[in-house]
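S.K.: Before anything else, here's the structure in question.
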Amino acid sequence: MLAAFSGGAHAAQCGTSPAGFEAWKREFGEEARSKGIGGNALSALMQTNYASATIAADRGQRSFQLSLDQFLAKRGAAAIVARGRQLKQSQAAMFASIEQRYGVPPGPLIAIWGMESGFGSQRGNQHMLSSIATLAYDCRRPEFFTEQLYAALKLIDRGVLSGATRGSMHGEVGQTQFMPKNILAYGVGNLDVAANALASTANFLRANGWKAGAGYQPGEPNFAAIEAWNAAGVYQKAIALMGRQIDGGGSAAER
């Protein structure tokens, strides 16, 4: 579906300030209409506002520059592992069902869940479509976010998301913080429901090469699937480490 929408060859001109956003929206809306986006989604797009907080967050992602120890401390890894072990036990049937279907054990899924949203407690309160539209307009990464915007509009057309959907600073939604393009490709049901979000995450990992029973630490076969989830090396290592601690025990400070 996105093949017709991908590539940066759209006519709408990117910008670096709010000044051109309204004109860009109108141009983009016409292009989207010509590519089959429906009236509900286009109406939602026209109601978006320039998201200054999203731009500030996009320019200030400093935690990914920390050392692994610093990153683990900043993100509360010990608390994630402790809570994750409890959830692995209390939700054992759910995790067993997911592992049977997708081949992904509880540890890395729980680590992602805790890292992304504090186990669903911090899913973001930004206007999802405004965040993504702003980033598609912004000149820093317009190609990537143009694809995300088309995916979001398609999801609104389908009724999966709405123009009022709230999410995090870059438009991520649900318990494990999916971007719209990944919702289209891997989403399983309402991602505000933990079981659906975790199944969707496992679906993503399997599609990106996860092999049932193989290791997922750096250098092991399944680490590449974790790399596909997030491009930051320190994040990848943190998920692998916390997942191992949740799955196999040991101290949260243990290497």
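We name chains A, B, ... following the order of the structure tokens; residues begin at 1 in each chain, and ligands are numbered from 1 as shown.
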Within 6 Å of segment 103-108 of chain A, counting only C-alpha atoms, which residues qualify if same-chain residues fewer than 5 places away don't, as a list in words?
M.R.: Phe95, Ala202, Ala212, Gly243, Ile246 and Asp247 of chain A
S.K.: Would you write out those residues with all heavy atoms, as a compact mmCIF listing (two decimals), in the first residue's frame?
M.R.:
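The resulting file, out25.txt, is shown below:
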# COMPACT_ATOMS: atom_id res chain seq x y z
N PHE A 95 1.50 -14.59 27.99
CA PHE A 95 2.83 -14.66 27.39
C PHE A 95 3.10 -16.03 26.76
O PHE A 95 3.76 -16.12 25.73
CB PHE A 95 3.90 -14.31 28.43
CG PHE A 95 3.97 -12.85 28.73
CD1 PHE A 95 3.59 -12.37 29.98
CD2 PHE A 95 4.37 -11.94 27.78
CE1 PHE A 95 3.63 -11.02 30.26
CE2 PHE A 95 4.41 -10.58 28.04
CZ PHE A 95 4.04 -10.12 29.28
N ALA A 202 5.52 -8.79 19.17
CA ALA A 202 6.08 -10.10 18.80
C ALA A 202 5.96 -10.35 17.30
O ALA A 202 6.88 -10.91 16.68
CB ALA A 202 5.35 -11.20 19.58
N ALA A 212 12.49 -18.71 16.91
CA ALA A 212 12.11 -19.29 18.19
C ALA A 212 13.26 -20.09 18.78
O ALA A 212 13.88 -20.89 18.09
CB ALA A 212 10.87 -20.17 18.02
N GLY A 243 15.68 -7.98 29.13
CA GLY A 243 14.94 -9.18 28.75
C GLY A 243 15.55 -10.43 29.33
O GLY A 243 14.84 -11.32 29.84
N ILE A 246 14.76 -10.59 33.02
CA ILE A 246 13.36 -10.97 33.26
C ILE A 246 13.16 -12.45 32.97
O ILE A 246 12.48 -13.16 33.72
CB ILE A 246 12.43 -10.09 32.41
CG1 ILE A 246 12.48 -8.64 32.90
CG2 ILE A 246 10.99 -10.62 32.45
CD1 ILE A 246 11.88 -7.64 31.93
N ASP A 247 13.73 -12.92 31.89
CA ASP A 247 13.54 -14.33 31.50
C ASP A 247 14.31 -15.29 32.37
O ASP A 247 13.80 -16.36 32.70
CB ASP A 247 13.99 -14.53 30.04
CG ASP A 247 12.89 -14.22 29.03
OD1 ASP A 247 11.71 -14.25 29.41
OD2 ASP A 247 13.24 -13.95 27.87
S.K.: Could you give me, as JSON lines, a per-residue list for segment 110-211 of chain A showing, wherever an atom lies at most 10 Å from an atom of segment 49-68 of chain A, the closest pair of atoms and their distance in Å to one decimal, using only C-alpha atoms and sorting by chain then residue number from low to high?
M.R.:
{"residue": "A:Gln126", "atom": "CA", "partner": "A:Thr54", "partner_atom": "CA", "distance": 8.4}
{"residue": "A:His127", "atom": "CA", "partner": "A:Ala51", "partner_atom": "CA", "distance": 8.4}
{"residue": "A:Met128", "atom": "CA", "partner": "A:Ala51", "partner_atom": "CA", "distance": 9.7}
{"residue": "A:Leu129", "atom": "CA", "partner": "A:Asn49", "partner_atom": "CA", "distance": 8.9}
{"residue": "A:Ser130", "atom": "CA", "partner": "A:Asn49", "partner_atom": "CA", "distance": 5.5}
{"residue": "A:Ser131", "atom": "CA", "partner": "A:Ala51", "partner_atom": "CA", "distance": 5.6}
{"residue": "A:Ile132", "atom": "CA", "partner": "A:Thr54", "partner_atom": "CA", "distance": 8.7}
{"residue": "A:Ala133", "atom": "CA", "partner": "A:Tyr50", "partner_atom": "CA", "distance": 7.8}
{"residue": "A:Thr134", "atom": "CA", "partner": "A:Tyr50", "partner_atom": "CA", "distance": 5.5}
{"residue": "A:Leu135", "atom": "CA", "partner": "A:Ile55", "partner_atom": "CA", "distance": 7.4}
{"residue": "A:Tyr137", "atom": "CA", "partner": "A:Tyr50", "partner_atom": "CA", "distance": 9.2}
{"residue": "A:Asp138", "atom": "CA", "partner": "A:Ile55", "partner_atom": "CA", "distance": 8.3}
{"residue": "A:Arg140", "atom": "CA", "partner": "A:Asp58", "partner_atom": "CA", "distance": 9.4}
{"residue": "A:Ser168", "atom": "CA", "partner": "A:Thr54", "partner_atom": "CA", "distance": 8.7}
{"residue": "A:Met169", "atom": "CA", "partner": "A:Thr54", "partner_atom": "CA", "distance": 5.0}
{"residue": "A:His170", "atom": "CA", "partner": "A:Thr54", "partner_atom": "CA", "distance": 6.4}
{"residue": "A:Gly171", "atom": "CA", "partner": "A:Thr54", "partner_atom": "CA", "distance": 8.9}
S.K.: Pick out the residues sitting within 6 Å of Ser200 of chain A, and hand them over as a list in words; count only C-alpha atoms, and ignore anything fewer than 4 positions along from it in its own chain.
M.R.: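 Surrounding residues, per the criterion: Tyr186, Gly187 and Val188 of chain A.
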S.K.: Go ahead and save the residues from that selection, with C-alpha atoms, as a PDB file, in the first residue's frame.
M.R.:
ATOM      1  CA  TYR A 186       2.057  -5.688  12.183  1.00  0.00           C
ATOM      2  CA  GLY A 187      -0.803  -4.377  14.323  1.00  0.00           C
ATOM      3  CA  VAL A 188      -3.072  -6.925  16.003  1.00  0.00           C
TER       4      VAL A 188
END
S.K.: From the set A:Gly114, A:Gly248, A:Gly174, A:Gly39, which residue has the shortest atom-to-atom contact distance to Ala194 of chain A, counting only C-alpha atoms?
M.R.: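 Counting only C-alpha atoms, the residue closest to Ala194 of chain A is A:Gly174.
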S.K.: Nearest to Cys139 of chain A among A:Leu161, A:Ala93, A:Ala12, A:Leu191, with distances taken over only C-alpha atoms: which residue is it?
M.R.: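 Looking only at the distances to Cys139 of chain A, the closest residue turns out to be A:Ala12.
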S.K.: Have a look at A:Asn208, A:Gln236, A:Asn40, A:Ser121 and name the one nearest to Leu155 of chain A; count only C-alpha atoms.
M.R.: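 Nearest candidate to Leu155 of chain A out of A:Asn208, A:Gln236, A:Asn40, A:Ser121: A:Asn40.
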S.K.: So that I can check the secondary structure, give me every residue of segment 4-195 of chain A assigned strand (DSSP E) by backbone DSSP, as number ranges by chain.
M.R.: A: 126-127, 166-167
S.K.: Would you kindly return, as JSON, numbers by chain, each protein, DNA or RNA residue with an atom no farther than 10 Å from any atom of Phe119 of chain A, considering only C-alpha atoms and excluding same-chain residues fewer than 6 positions away?
M.R.: {"A": [80, 83, 84, 87, 110, 111, 112, 113, 175, 176, 194]}
S.K.: Based on DSSP run over this structure's backbone, return all residues of segment 11-149 of chain A in helix (DSSP H, G or I), as a PyMOL selection string.
M.R.: chain A and resi 18-34+39-46+52-59+63-65+68-74+77-90+92-102+106-117+128-137+142-149
S.K.: Could you check the closest approach to Ala73 of chain A for each of A:Val193, A:Glu30, A:Pro221, A:Met115 and tell me which residue wins, using only C-alpha atoms?
M.R.: A:Met115
S.K.: Looking at A:Val234, A:Ile226, A:Ala185, A:Leu198, which one is nearest to Tyr102 of chain A, with distances taken over only C-alpha atoms?
M.R.: A:Leu198
S.K.: Out of A:Glu116, A:Glu143, A:Glu31, A:Glu99, which residue has the shortest atom-to-atom distance to Asn203 of chain A when counting only C-alpha atoms?
M.R.: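 Checking each of A:Glu116, A:Glu143, A:Glu31, A:Glu99 against Asn203 of chain A, counting only C-alpha atoms, the winner is A:Glu99.
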S.K.: What separation in Å, quoted to one decimal, exists between atom CA of Ala23 of chain A and atom CA of Ala136 of chain A?
M.R.: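 We find that atom CA of Ala23 of chain A and atom CA of Ala136 of chain A lie 13.4 Å from each other.
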S.K.: As an exercise, work out the distance from atom CA of Phe145 of chain A to atom CA of Arg206 of chain A in Å and give it to one decimal place.
M.R.: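 If I compute the distance from atom CA of Phe145 of chain A to atom CA of Arg206 of chain A, I get 24.0 Å.
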